[in-house]
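Participant: For reference, the file data-v1.cif (mmCIF, C-alpha atoms) is included below:
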data_protein
loop_
_atom_site.label_atom_id
_atom_site.label_comp_id
_atom_site.auth_asym_id
_atom_site.auth_seq_id
_atom_site.Cartn_x
_atom_site.Cartn_y
_atom_site.Cartn_z
CA MET F 1 111.05 -9.73 93.65
CA GLU F 2 107.64 -9.53 95.30
CA LYS F 3 105.78 -12.45 96.71
CA ALA F 4 103.08 -11.95 94.09
CA HIS F 5 105.52 -12.77 91.28
CA LYS F 6 106.23 -16.35 92.29
CA PRO F 7 105.95 -18.94 89.52
CA LYS F 8 102.35 -19.74 88.72
CA LYS F 9 100.74 -22.63 86.97
CA VAL F 10 100.02 -21.62 83.38
CA PHE F 11 99.02 -24.84 81.66
CA VAL F 12 95.50 -26.18 81.89
CA GLN F 13 94.23 -29.38 80.33
CA GLY F 14 91.83 -28.75 77.42
CA PRO F 15 89.93 -25.55 76.61
CA ILE F 16 89.59 -22.53 78.91
CA SER F 17 85.93 -21.90 79.72
CA PRO F 18 84.16 -18.51 79.70
CA ASP F 19 83.11 -19.33 83.24
CA PHE F 20 86.75 -19.59 84.30
CA VAL F 21 87.31 -16.13 82.80
CA ALA F 22 84.34 -14.78 84.77
CA LYS F 23 85.66 -16.24 88.03
CA SER F 24 89.06 -14.64 87.38
CA ILE F 25 87.41 -11.26 86.82
CA ALA F 26 85.24 -11.58 89.92
CA SER F 27 88.25 -12.41 92.07
CA HIS F 28 89.71 -8.97 91.27
CA GLN F 29 86.79 -6.91 92.52
CA SER F 30 88.30 -6.68 95.99
CA LYS F 31 91.44 -5.05 94.53
CA THR F 32 90.17 -1.50 94.56
CA GLY F 33 93.35 0.03 93.19
CA ILE F 34 92.58 -1.51 89.80
CA GLY F 35 90.99 0.78 87.22
CA ALA F 36 91.55 -1.19 84.02
CA HIS F 37 91.61 -4.83 83.02
CA ALA F 38 92.82 -5.94 79.58
CA ILE F 39 92.00 -9.49 78.59
CA PHE F 40 93.20 -11.35 75.53
CA LEU F 41 91.62 -14.64 74.49
CA GLY F 42 92.95 -16.85 71.73
CA GLN F 43 90.20 -18.88 70.07
CA ILE F 44 90.64 -21.80 67.64
CA ARG F 45 89.65 -20.89 64.07
CA ALA F 46 88.10 -23.33 61.59
CA ASP F 47 90.70 -22.45 58.95
CA GLN F 48 90.39 -24.24 55.61
CA LYS F 49 93.32 -26.55 54.84
CA GLU F 50 93.91 -29.11 52.17
CA GLY F 51 91.78 -31.99 53.43
CA GLY F 52 89.12 -29.90 55.14
CA ALA F 53 88.49 -27.43 57.93
CA VAL F 54 90.46 -27.35 61.16
CA THR F 55 88.38 -29.06 63.85
CA GLY F 56 90.72 -28.33 66.74
CA ILE F 57 94.33 -27.95 67.83
CA ASP F 58 96.16 -30.51 69.93
CA TYR F 59 98.72 -28.61 72.02
CA THR F 60 101.91 -29.97 73.50
CA ALA F 61 104.79 -28.14 75.12
CA TYR F 62 108.36 -28.60 76.15
CA GLU F 63 106.88 -28.02 79.55
CA GLU F 64 109.74 -27.24 81.87
CA MET F 65 111.28 -24.76 79.43
CA ALA F 66 107.85 -23.31 78.69
CA GLU F 67 107.10 -22.70 82.38
CA GLN F 68 110.43 -20.92 82.69
CA ALA F 69 109.67 -18.84 79.58
CA PHE F 70 106.28 -17.84 81.04
CA HIS F 71 108.00 -16.91 84.27
CA ASP F 72 110.51 -14.72 82.41
CA ILE F 73 107.70 -13.01 80.49
CA ARG F 74 105.85 -12.32 83.75
CA GLU F 75 108.92 -10.80 85.37
CA ALA F 76 109.68 -8.66 82.34
CA ALA F 77 106.09 -7.41 82.14
CA PHE F 78 105.99 -6.50 85.83
CA THR F 79 109.23 -4.56 85.34
CA LYS F 80 108.12 -2.76 82.18
CA PHE F 81 104.54 -1.87 83.10
CA GLU F 82 102.74 -0.62 86.20
CA LEU F 83 100.63 -3.71 86.80
CA THR F 84 98.58 -4.76 89.80
CA CYS F 85 97.98 -8.32 88.60
CA MET F 86 98.85 -10.62 85.76
CA HIS F 87 97.52 -14.07 84.92
CA ILE F 88 98.37 -16.27 81.98
CA TYR F 89 96.68 -19.56 81.13
CA HIS F 90 97.37 -21.78 78.12
CA SER F 91 95.77 -25.06 77.10
CA LEU F 92 97.49 -28.38 76.61
CA GLY F 93 95.80 -31.26 74.79
CA LEU F 94 92.92 -30.91 72.39
CA VAL F 95 91.05 -27.61 72.07
CA PRO F 96 88.15 -27.81 69.61
CA THR F 97 87.43 -25.07 67.08
CA GLY F 98 85.57 -22.13 68.64
CA GLU F 99 87.03 -22.74 72.07
CA ILE F 100 89.69 -20.80 73.96
CA SER F 101 93.33 -21.88 74.28
CA LEU F 102 95.00 -18.73 75.62
CA PHE F 103 93.83 -16.35 78.36
CA VAL F 104 96.01 -13.37 79.24
CA PHE F 105 94.62 -11.12 81.97
CA VAL F 106 96.40 -7.97 83.16
CA SER F 107 95.14 -5.37 85.58
CA SER F 108 96.45 -1.91 86.32
CA PRO F 109 95.39 1.33 87.95
CA HIS F 110 95.30 2.92 84.47
CA ARG F 111 94.39 1.71 81.00
CA ARG F 112 97.65 2.51 79.21
CA ALA F 113 99.71 -0.01 81.16
CA ALA F 114 97.01 -2.66 80.79
CA PHE F 115 96.83 -2.26 77.01
CA GLU F 116 100.58 -2.25 76.53
CA ALA F 117 101.23 -5.19 78.83
CA SER F 118 98.51 -7.27 77.20
CA GLU F 119 100.03 -6.88 73.74
CA TYR F 120 103.55 -7.38 75.00
CA ILE F 121 102.71 -10.60 76.81
CA VAL F 122 100.79 -12.12 73.91
CA GLU F 123 103.57 -11.33 71.42
CA GLU F 124 106.19 -12.77 73.77
CA ILE F 125 104.20 -15.97 74.26
CA LYS F 126 103.75 -16.44 70.52
CA ALA F 127 107.45 -15.88 69.84
CA ASN F 128 109.27 -17.37 72.79
CA VAL F 129 107.36 -20.15 74.52
CA PRO F 130 107.97 -23.71 73.25
CA ILE F 131 104.37 -24.72 72.67
CA PHE F 132 103.51 -26.85 69.64
CA GLY F 133 100.14 -27.20 67.96
CA LYS F 134 98.82 -29.96 65.76
CA GLU F 135 95.88 -28.64 63.74
CA MET F 136 93.39 -31.49 63.29
CA VAL F 137 91.92 -31.36 59.80
CA GLY F 138 88.74 -32.86 58.37
CA GLU F 139 87.21 -36.20 59.30
CA ALA F 140 90.07 -38.53 58.49
CA GLY F 141 92.36 -37.65 61.37
CA GLN F 142 94.87 -35.75 59.24
CA HIS F 143 96.91 -33.03 60.86
CA VAL F 144 99.05 -30.01 60.00
CA TRP F 145 101.59 -28.47 62.37
CA LYS F 146 100.74 -24.90 63.22
CA GLU F 147 103.39 -22.18 63.04
CA ASN F 148 103.10 -18.73 64.58
CA THR F 149 103.76 -15.72 62.37
CA MET I 1 76.80 -0.91 55.79
CA GLU I 2 76.17 -4.44 57.04
CA LYS I 3 73.17 -5.54 58.98
CA ALA I 4 75.43 -6.34 61.92
CA HIS I 5 76.29 -2.68 62.38
CA LYS I 6 72.82 -1.49 63.33
CA PRO I 7 72.62 0.65 66.47
CA LYS I 8 72.90 -1.43 69.61
CA LYS I 9 71.97 -0.75 73.16
CA VAL I 10 75.09 0.30 75.07
CA PHE I 11 73.81 1.55 78.41
CA VAL I 12 73.05 -0.85 81.20
CA GLN I 13 71.71 0.07 84.62
CA GLY I 14 74.28 -0.39 87.40
CA PRO I 15 77.47 -2.49 87.30
CA ILE I 16 78.38 -5.00 84.59
CA SER I 17 78.78 -8.47 86.09
CA PRO I 18 81.61 -10.95 85.36
CA ASP I 19 78.87 -13.41 84.51
CA PHE I 20 77.59 -11.10 81.78
CA VAL I 21 81.13 -10.99 80.36
CA ALA I 22 81.26 -14.81 80.40
CA LYS I 23 77.94 -15.07 78.56
CA SER I 24 79.20 -12.65 75.92
CA ILE I 25 82.34 -14.73 75.41
CA ALA I 26 80.39 -17.98 75.22
CA SER I 27 78.08 -16.57 72.58
CA HIS I 28 81.06 -16.15 70.24
CA GLN I 29 82.18 -19.76 70.25
CA SER I 30 80.01 -20.57 67.25
CA LYS I 31 81.82 -17.89 65.21
CA THR I 32 84.69 -20.05 64.06
CA GLY I 33 86.38 -17.37 61.99
CA ILE I 34 87.39 -15.61 65.19
CA GLY I 35 90.96 -16.16 66.39
CA ALA I 36 91.38 -13.34 68.88
CA HIS I 37 89.21 -11.54 71.39
CA ALA I 38 90.36 -8.37 73.13
CA ILE I 39 88.35 -7.29 76.14
CA PHE I 40 88.70 -4.08 78.11
CA LEU I 41 87.01 -3.64 81.47
CA GLY I 42 86.88 -0.36 83.36
CA GLN I 43 86.67 -0.92 87.12
CA ILE I 44 85.91 1.72 89.77
CA ARG I 45 88.96 2.58 91.89
CA ALA I 46 88.83 3.56 95.56
CA ASP I 47 90.86 6.72 94.93
CA GLN I 48 91.60 8.89 97.94
CA LYS I 49 89.98 12.32 97.81
CA GLU I 50 89.62 15.10 100.32
CA GLY I 51 86.87 13.71 102.52
CA GLY I 52 87.72 10.05 102.11
CA ALA I 53 87.92 7.23 99.60
CA VAL I 54 85.73 6.96 96.53
CA THR I 55 82.96 4.45 97.28
CA GLY I 56 81.44 4.43 93.79
CA ILE I 57 80.63 6.50 90.73
CA ASP I 58 77.14 7.62 89.81
CA TYR I 59 77.01 7.81 86.02
CA THR I 60 74.67 9.91 83.93
CA ALA I 61 74.72 10.65 80.23
CA TYR I 62 73.30 13.01 77.66
CA GLU I 63 71.78 9.82 76.40
CA GLU I 64 70.61 10.51 72.89
CA MET I 65 73.87 12.20 71.91
CA ALA I 66 75.84 9.46 73.69
CA GLU I 67 74.09 6.68 71.77
CA GLN I 68 74.90 8.50 68.54
CA ALA I 69 78.52 8.89 69.61
CA PHE I 70 78.76 5.17 70.38
CA HIS I 71 77.24 4.42 67.00
CA ASP I 72 79.81 6.64 65.26
CA ILE I 73 82.66 4.95 67.16
CA ARG I 74 81.37 1.52 66.13
CA GLU I 75 81.15 2.48 62.49
CA ALA I 76 84.62 4.02 62.51
CA ALA I 77 86.13 0.97 64.21
CA PHE I 78 84.51 -1.43 61.70
CA THR I 79 85.96 0.70 58.90
CA LYS I 80 89.46 0.96 60.36
CA PHE I 81 89.96 -2.59 61.60
CA GLU I 82 89.18 -6.09 60.33
CA LEU I 83 86.67 -7.03 63.01
CA THR I 84 84.21 -9.89 63.20
CA CYS I 85 82.29 -8.53 66.19
CA MET I 86 82.19 -5.54 68.48
CA HIS I 87 80.22 -4.98 71.66
CA ILE I 88 80.28 -1.98 73.96
CA TYR I 89 78.48 -1.73 77.29
CA HIS I 90 78.57 1.19 79.73
CA SER I 91 76.88 1.58 83.08
CA LEU I 92 74.44 4.28 84.10
CA GLY I 93 73.55 4.92 87.74
CA LEU I 94 75.66 3.90 90.69
CA VAL I 95 78.60 1.55 90.22
CA PRO I 96 80.32 0.72 93.54
CA THR I 97 84.10 0.63 93.91
CA GLY I 98 85.60 -2.62 92.60
CA GLU I 99 82.81 -3.17 90.09
CA ILE I 100 82.83 -2.78 86.33
CA SER I 101 81.38 0.20 84.46
CA LEU I 102 82.75 -0.31 80.93
CA PHE I 103 83.00 -3.48 78.87
CA VAL I 104 84.50 -3.25 75.38
CA PHE I 105 84.68 -6.56 73.52
CA VAL I 106 86.16 -6.90 70.02
CA SER I 107 86.78 -10.05 68.04
CA SER I 108 88.82 -10.58 64.90
CA PRO I 109 90.43 -13.36 62.91
CA HIS I 110 93.85 -12.05 64.04
CA ARG I 111 95.18 -10.47 67.19
CA ARG I 112 96.56 -7.25 65.72
CA ALA I 113 93.15 -5.88 64.70
CA ALA I 114 91.66 -6.88 68.05
CA PHE I 115 94.36 -5.09 70.05
CA GLU I 116 94.24 -1.94 67.96
CA ALA I 117 90.46 -1.73 67.88
CA SER I 118 90.19 -2.25 71.62
CA GLU I 119 92.48 0.68 72.37
CA TYR I 120 90.91 2.87 69.74
CA ILE I 121 87.40 2.31 71.02
CA VAL I 122 88.28 2.91 74.67
CA GLU I 123 90.12 6.14 73.87
CA GLU I 124 87.24 7.36 71.71
CA ILE I 125 84.70 6.62 74.43
CA LYS I 126 86.74 8.48 77.06
CA ALA I 127 87.18 11.52 74.80
CA ASN I 128 83.96 11.80 72.84
CA VAL I 129 80.95 10.30 74.60
CA PRO I 130 78.96 12.65 76.85
CA ILE I 131 78.95 10.54 79.98
CA PHE I 132 79.30 12.21 83.37
CA GLY I 133 80.47 10.66 86.60
CA LYS I 134 79.89 11.76 90.16
CA GLU I 135 82.49 10.14 92.41
CA MET I 136 80.87 9.42 95.77
CA VAL I 137 83.33 10.15 98.56
CA GLY I 138 83.42 8.98 102.18
CA GLU I 139 80.44 8.42 104.44
CA ALA I 140 78.84 11.84 104.35
CA GLY I 141 77.45 11.73 100.84
CA GLN I 142 79.99 14.18 99.42
CA HIS I 143 80.83 13.97 95.77
CA VAL I 144 83.43 15.08 93.24
CA TRP I 145 82.85 15.24 89.48
CA LYS I 146 85.14 12.94 87.60
CA GLU I 147 87.05 14.17 84.58
CA ASN I 148 88.80 11.96 82.01
CA THR I 149 92.41 12.66 81.20
CA MET C 1 106.80 -33.56 64.04
CA LEU C 2 110.58 -34.05 64.30
CA ALA C 3 109.98 -37.12 66.42
CA GLU C 4 107.89 -38.44 63.53
CA ILE C 5 111.01 -38.34 61.35
CA ALA C 6 113.41 -39.85 63.84
CA GLY C 7 110.80 -42.37 64.91
CA LEU C 8 111.56 -41.66 68.54
CA SER C 9 111.31 -38.73 70.88
CA ASP C 10 114.35 -39.26 73.13
CA GLU C 11 117.80 -40.31 72.13
CA VAL C 12 121.18 -40.42 73.85
CA TRP C 13 123.97 -38.77 71.87
CA ASN C 14 127.40 -39.91 72.95
CA GLU C 15 130.22 -37.56 72.29
CA ALA C 16 133.63 -37.30 73.87
CA GLY C 17 133.10 -33.58 74.40
CA GLY C 18 133.98 -30.35 72.68
CA LEU C 19 130.94 -30.41 70.38
CA THR C 20 129.38 -27.09 69.45
CA VAL C 21 125.69 -26.63 68.72
CA GLY C 22 126.51 -26.23 65.03
CA GLN C 23 128.52 -29.47 64.96
CA PHE C 24 125.73 -31.30 66.75
CA ARG C 25 123.26 -29.98 64.18
CA ALA C 26 125.42 -31.24 61.32
CA GLN C 27 125.78 -34.72 62.85
CA MET C 28 122.08 -34.96 63.41
CA LEU C 29 121.17 -33.91 59.89
CA ASP C 30 123.57 -36.61 58.62
CA LYS C 31 121.70 -39.19 60.68
CA TYR C 32 118.20 -37.87 59.84
CA PRO C 33 118.43 -36.25 56.40
CA ALA C 34 114.67 -35.66 56.26
CA MET C 35 115.08 -33.06 58.99
CA ARG C 36 116.88 -30.80 56.50
CA ASP C 37 113.44 -29.73 55.25
CA LYS C 38 112.22 -28.83 58.71
CA LYS C 39 112.60 -25.61 60.62
CA PHE C 40 113.81 -26.08 64.16
CA LYS C 41 115.81 -24.40 66.87
CA ILE C 42 118.16 -26.16 69.25
CA ALA C 43 117.83 -25.67 72.99
CA VAL C 44 120.67 -26.75 75.26
CA ASN C 45 119.58 -27.21 78.85
CA GLN C 46 116.37 -25.38 77.99
CA LYS C 47 118.03 -22.33 76.48
CA ILE C 48 117.84 -21.61 72.77
CA SER C 49 121.49 -21.69 71.68
CA ASP C 50 123.50 -20.28 68.81
CA ASP C 51 125.62 -22.53 66.61
CA PHE C 52 128.93 -21.38 68.09
CA VAL C 53 128.00 -22.39 71.66
CA LEU C 54 130.00 -25.27 73.10
CA ILE C 55 127.81 -27.99 74.60
CA GLU C 56 128.87 -28.93 78.13
CA THR C 57 128.23 -32.57 78.90
CA PRO C 58 125.96 -33.96 80.12
CA ALA C 59 123.38 -31.67 78.52
CA GLU C 60 119.70 -31.88 77.71
CA ILE C 61 119.42 -31.01 74.05
CA ALA C 62 116.04 -30.37 72.49
CA LEU C 63 115.05 -29.79 68.88
CA LEU C 64 112.22 -27.30 68.89
CA PRO C 65 109.85 -27.02 65.93
CA PRO C 66 108.22 -23.63 65.25
CA PHE C 67 106.26 -22.35 68.22
CA ALA C 68 102.48 -22.31 67.97
CA GLY C 69 101.26 -21.02 71.33
CA GLY C 70 98.26 -18.75 71.52
CA MET M 1 77.31 20.04 88.09
CA LEU M 2 76.34 22.99 85.89
CA ALA M 3 72.72 22.39 86.78
CA GLU M 4 73.77 22.81 90.41
CA ILE M 5 74.86 26.37 89.62
CA ALA M 6 71.86 27.35 87.55
CA GLY M 7 69.55 25.59 89.98
CA LEU M 8 67.71 23.98 87.10
CA SER M 9 68.51 21.55 84.35
CA ASP M 10 66.34 22.83 81.50
CA GLU M 11 65.78 26.40 80.47
CA VAL M 12 64.24 28.10 77.46
CA TRP M 13 66.43 30.81 75.93
CA ASN M 14 64.49 33.24 73.82
CA GLU M 15 66.39 35.00 71.13
CA ALA M 16 65.19 36.69 67.98
CA GLY M 17 67.78 34.74 66.00
CA GLY M 18 71.20 35.26 64.60
CA LEU M 19 72.99 34.20 67.79
CA THR M 20 76.29 32.39 67.46
CA VAL M 21 77.52 29.79 69.91
CA GLY M 22 80.07 32.31 71.22
CA GLN M 23 77.39 34.98 71.78
CA PHE M 24 75.19 32.45 73.55
CA ARG M 25 78.09 31.47 75.78
CA ALA M 26 78.69 35.13 76.71
CA GLN M 27 75.01 35.76 77.55
CA MET M 28 74.90 32.66 79.67
CA LEU M 29 78.02 33.53 81.62
CA ASP M 30 76.48 36.96 82.31
CA LYS M 31 73.43 35.24 83.75
CA TYR M 32 75.36 32.57 85.69
CA PRO M 33 78.77 34.08 86.54
CA ALA M 34 79.73 31.04 88.67
CA MET M 35 79.97 29.02 85.46
CA ARG M 36 83.06 30.99 84.46
CA ASP M 37 85.06 28.67 86.73
CA LYS M 38 83.69 25.55 85.10
CA LYS M 39 84.91 23.73 82.03
CA PHE M 40 82.18 22.90 79.57
CA LYS M 41 81.53 22.43 75.88
CA ILE M 42 78.40 23.53 74.06
CA ALA M 43 76.45 21.07 71.92
CA VAL M 44 73.88 22.39 69.48
CA ASN M 45 71.40 19.74 68.41
CA GLN M 46 73.72 17.12 69.89
CA LYS M 47 76.83 18.22 68.02
CA ILE M 48 79.75 19.87 69.82
CA SER M 49 79.94 23.31 68.19
CA ASP M 50 82.60 25.97 67.76
CA ASP M 51 82.00 29.53 68.89
CA PHE M 52 81.56 30.90 65.37
CA VAL M 53 78.66 28.58 64.52
CA LEU M 54 75.30 30.30 64.05
CA ILE M 55 72.52 28.70 66.08
CA GLU M 56 69.46 27.90 63.97
CA THR M 57 66.23 28.20 65.96
CA PRO M 58 64.67 26.23 67.47
CA ALA M 59 67.74 24.35 68.69
CA GLU M 60 68.52 22.02 71.54
CA ILE M 61 71.52 23.52 73.28
CA ALA M 62 73.38 21.52 75.91
CA LEU M 63 76.21 22.51 78.20
CA LEU M 64 78.45 19.50 78.59
CA PRO M 65 80.79 19.20 81.56
CA PRO M 66 84.02 17.18 81.09
CA PHE M 67 83.36 13.62 79.99
CA ALA M 68 83.96 10.84 82.46
CA GLY M 69 83.00 7.65 80.67
CA GLY M 70 84.94 4.48 81.19
#
Would you mind writing the structure in this file as structure tokens?
Facilitator:
Amino acid sequence: MEKAHKPKKVFVQGPISPDFVAKSIASHQSKTGIGAHAIFLGQIRADQKEGGAVTGIDYTAYEEMAEQAFHDIREAAFTKFELTCMHIYHSLGLVPTGEISLFVFVSSPHRRAAFEASEYIVEEIKANVPIFGKEMVGEAGQHVWKENT
Amino acid sequence: MEKAHKPKKVFVQGPISPDFVAKSIASHQSKTGIGAHAIFLGQIRADQKEGGAVTGIDYTAYEEMAEQAFHDIREAAFTKFELTCMHIYHSLGLVPTGEISLFVFVSSPHRRAAFEASEYIVEEIKANVPIFGKEMVGEAGQHVWKENT
Amino acid sequence: MLAEIAGLSDEVWNEAGGLTVGQFRAQMLDKYPAMRDKKFKIAVNQKISDDFVLIETPAEIALLPPFAGG
Amino acid sequence: MLAEIAGLSDEVWNEAGGLTVGQFRAQMLDKYPAMRDKKFKIAVNQKISDDFVLIETPAEIALLPPFAGG
């Protein structure tokens, strides 16, 4: 296992800002073996529910298990795909509608590995990381538990 | 054909900055039907050639035909995939190693369409848009013409 | 959401030993019948576990509602 | 890169008419033999065209080296 694959902090409190994404991109410009970056951003939709539109999602996680799951996904992705870098960030706490709760960033010499890794990582996160989301609905403080499909 | 699909300016002079990417992301936070953004960034690699490492690529295009090709790719992608937004930017002129020359940004209610459209658009651009790249090599001003594979 | 049913988020389950995941599930649904309507997986020491797995004690057992990351 | 061989980037090709893309290609390779080593496609009025296509005059003909976008 390379030094670069050590466990990394994934969870951030609240939404992920576009500026944070920009800083992450900029920090890769010195890595001149990279030819392709694939970025996935999950944004909170204002879905209509009984009781009104979703105004945000309040995320919690079974944190220790989730960190381990993220670590396993990272290791598997580095094994499966020819990647130079991989970064995953996920929000905890309230993320309002229109803001970003998931940021997956993979970089590779060539586009194919970047595309494939990006999809793989997002699907793995959705299926296998114990993160829970309370969709806040309407004005009255109602909520609905979100479930990935 | 919707109003949103009118021809858009694709070419930008010189590299595409991370800050420009951030501004593009931020401008989509009011579109609360979006659940997934997929972003592809092409970055210039310092490949080793006879004569030294690539220091940058000088891009030119058969511009009028290229703009039409980009337009056709946009239309096809909007037809094939359930997309809320699509933006494509490509550099002309010199883009130094480590900087970004292609920015493809698609947004959709759901991740599957975003992933598929992102790949489709990048592959179409590489295969069908008349853009030419002179790879600048070493100190002496040598160059090699780039060819997509 | 499961904590909302049980009215608490941590609970100590005393058992002499030899309980499988499936047996634990059955005991818990007896105690909290409203959970029968809920989907959840059981993690033992932070690993999702099948019903036939024997729970070593002490163990950290977690009921995990459907995942919603992303 | 093709302009480097021809020494110019625009040229008027006079032809009475009835030239196909394939015939045009042959005439051009006669004039600039060094282009035989180069890969290129021919676009007529900004559409990549097959050799059998008849060129309507006047037409904008472009020799396109391999694409390198991205």
Participant: What's the 7 Å shell around Ala59 of chain M, counting all atoms listed in the file, without same-chain residues fewer than 2 positions away, as a PyMOL selection string?
Facilitator: chain M and resi 44-45+55-57+61
Participant: Take chain C, lay it over chain M with a least-squares fit on all the Cα atoms in order, then hand it over as a PDB file with C-alpha atoms, in the frame of the given file.
Facilitator:
ATOM      1  CA  MET C   1      77.325  20.047  88.124  1.00  0.00           C
ATOM      2  CA  LEU C   2      76.353  22.986  85.885  1.00  0.00           C
ATOM      3  CA  ALA C   3      72.728  22.391  86.773  1.00  0.00           C
ATOM      4  CA  GLU C   4      73.779  22.782  90.406  1.00  0.00           C
ATOM      5  CA  ILE C   5      74.876  26.340  89.608  1.00  0.00           C
ATOM      6  CA  ALA C   6      71.871  27.343  87.557  1.00  0.00           C
ATOM      7  CA  GLY C   7      69.561  25.583  89.981  1.00  0.00           C
ATOM      8  CA  LEU C   8      67.727  23.966  87.104  1.00  0.00           C
ATOM      9  CA  SER C   9      68.525  21.532  84.354  1.00  0.00           C
ATOM     10  CA  ASP C  10      66.350  22.834  81.497  1.00  0.00           C
ATOM     11  CA  GLU C  11      65.782  26.388  80.471  1.00  0.00           C
ATOM     12  CA  VAL C  12      64.226  28.101  77.465  1.00  0.00           C
ATOM     13  CA  TRP C  13      66.423  30.782  75.911  1.00  0.00           C
ATOM     14  CA  ASN C  14      64.474  33.222  73.794  1.00  0.00           C
ATOM     15  CA  GLU C  15      66.371  34.977  71.105  1.00  0.00           C
ATOM     16  CA  ALA C  16      65.183  36.667  67.954  1.00  0.00           C
ATOM     17  CA  GLY C  17      67.762  34.737  65.948  1.00  0.00           C
ATOM     18  CA  GLY C  18      71.225  35.278  64.576  1.00  0.00           C
ATOM     19  CA  LEU C  19      72.979  34.199  67.785  1.00  0.00           C
ATOM     20  CA  THR C  20      76.290  32.398  67.452  1.00  0.00           C
ATOM     21  CA  VAL C  21      77.526  29.793  69.911  1.00  0.00           C
ATOM     22  CA  GLY C  22      80.069  32.295  71.223  1.00  0.00           C
ATOM     23  CA  GLN C  23      77.399  34.959  71.785  1.00  0.00           C
ATOM     24  CA  PHE C  24      75.184  32.441  73.543  1.00  0.00           C
ATOM     25  CA  ARG C  25      78.101  31.490  75.787  1.00  0.00           C
ATOM     26  CA  ALA C  26      78.694  35.127  76.713  1.00  0.00           C
ATOM     27  CA  GLN C  27      75.018  35.728  77.552  1.00  0.00           C
ATOM     28  CA  MET C  28      74.903  32.648  79.688  1.00  0.00           C
ATOM     29  CA  LEU C  29      78.035  33.506  81.630  1.00  0.00           C
ATOM     30  CA  ASP C  30      76.492  36.943  82.317  1.00  0.00           C
ATOM     31  CA  LYS C  31      73.426  35.238  83.762  1.00  0.00           C
ATOM     32  CA  TYR C  32      75.368  32.554  85.691  1.00  0.00           C
ATOM     33  CA  PRO C  33      78.757  34.060  86.563  1.00  0.00           C
ATOM     34  CA  ALA C  34      79.727  31.038  88.668  1.00  0.00           C
ATOM     35  CA  MET C  35      79.951  29.012  85.470  1.00  0.00           C
ATOM     36  CA  ARG C  36      83.051  31.002  84.483  1.00  0.00           C
ATOM     37  CA  ASP C  37      85.054  28.670  86.739  1.00  0.00           C
ATOM     38  CA  LYS C  38      83.699  25.553  85.090  1.00  0.00           C
ATOM     39  CA  LYS C  39      84.919  23.743  82.024  1.00  0.00           C
ATOM     40  CA  PHE C  40      82.185  22.913  79.564  1.00  0.00           C
ATOM     41  CA  LYS C  41      81.533  22.430  75.889  1.00  0.00           C
ATOM     42  CA  ILE C  42      78.412  23.537  74.067  1.00  0.00           C
ATOM     43  CA  ALA C  43      76.464  21.091  71.932  1.00  0.00           C
ATOM     44  CA  VAL C  44      73.878  22.411  69.491  1.00  0.00           C
ATOM     45  CA  ASN C  45      71.383  19.775  68.436  1.00  0.00           C
ATOM     46  CA  GLN C  46      73.696  17.156  69.915  1.00  0.00           C
ATOM     47  CA  LYS C  47      76.799  18.246  68.038  1.00  0.00           C
ATOM     48  CA  ILE C  48      79.716  19.872  69.817  1.00  0.00           C
ATOM     49  CA  SER C  49      79.925  23.308  68.183  1.00  0.00           C
ATOM     50  CA  ASP C  50      82.589  25.948  67.741  1.00  0.00           C
ATOM     51  CA  ASP C  51      82.011  29.524  68.871  1.00  0.00           C
ATOM     52  CA  PHE C  52      81.580  30.895  65.349  1.00  0.00           C
ATOM     53  CA  VAL C  53      78.657  28.576  64.507  1.00  0.00           C
ATOM     54  CA  LEU C  54      75.311  30.294  64.041  1.00  0.00           C
ATOM     55  CA  ILE C  55      72.528  28.691  66.074  1.00  0.00           C
ATOM     56  CA  GLU C  56      69.457  27.907  63.971  1.00  0.00           C
ATOM     57  CA  THR C  57      66.252  28.202  65.945  1.00  0.00           C
ATOM     58  CA  PRO C  58      64.675  26.249  67.452  1.00  0.00           C
ATOM     59  CA  ALA C  59      67.736  24.366  68.693  1.00  0.00           C
ATOM     60  CA  GLU C  60      68.507  22.034  71.559  1.00  0.00           C
ATOM     61  CA  ILE C  61      71.517  23.514  73.284  1.00  0.00           C
ATOM     62  CA  ALA C  62      73.380  21.539  75.911  1.00  0.00           C
ATOM     63  CA  LEU C  63      76.217  22.540  78.212  1.00  0.00           C
ATOM     64  CA  LEU C  64      78.444  19.525  78.608  1.00  0.00           C
ATOM     65  CA  PRO C  65      80.799  19.208  81.576  1.00  0.00           C
ATOM     66  CA  PRO C  66      84.014  17.194  81.110  1.00  0.00           C
ATOM     67  CA  PHE C  67      83.344  13.646  79.986  1.00  0.00           C
ATOM     68  CA  ALA C  68      83.965  10.850  82.466  1.00  0.00           C
ATOM     69  CA  GLY C  69      82.972   7.659  80.658  1.00  0.00           C
ATOM     70  CA  GLY C  70      84.936   4.487  81.182  1.00  0.00           C
TER      71      GLY C  70
END
Participant: Quick one: residues within 12 Å of Ala62 of chain M, only C-alpha atoms counted, chain neighbours fewer than 2 positions away excluded, as a ChimeraX atom specification?
Facilitator: /I:61-65,130 /M:2-3,9-13,21,24-25,28,40-49,59-60,64-65
Participant: Suppose you want the space between atom CA of Gln48 of chain F and atom CA of Thr79 of chain I; what is it in Å?
Facilitator: 25.5 Å
Participant: Here's a test: counting all atoms listed in the file, identify every protein, DNA and RNA residue with an atom at most 10 Å from (96.2, -1.7, 83.1) in the file's coordinate frame, and state them as a ChimeraX atom specification.
Facilitator: /F:34-39,81-86,105-118 /I:40-42
Participant: Counting all atoms listed in the file, which residues of chain I come no farther than 8 Å from chain M, as a list in words?
Facilitator: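 Within 8 Å of chain M on chain I, we get Gly42, Glu64, Met65, His90, Ser101, Leu102, Val122, Ile125, Lys126, Ala127, Asn128, Val129, Pro130, Ile131, Phe132, Gly133, Trp145, Lys146, Glu147 and Asn148 of chain I.
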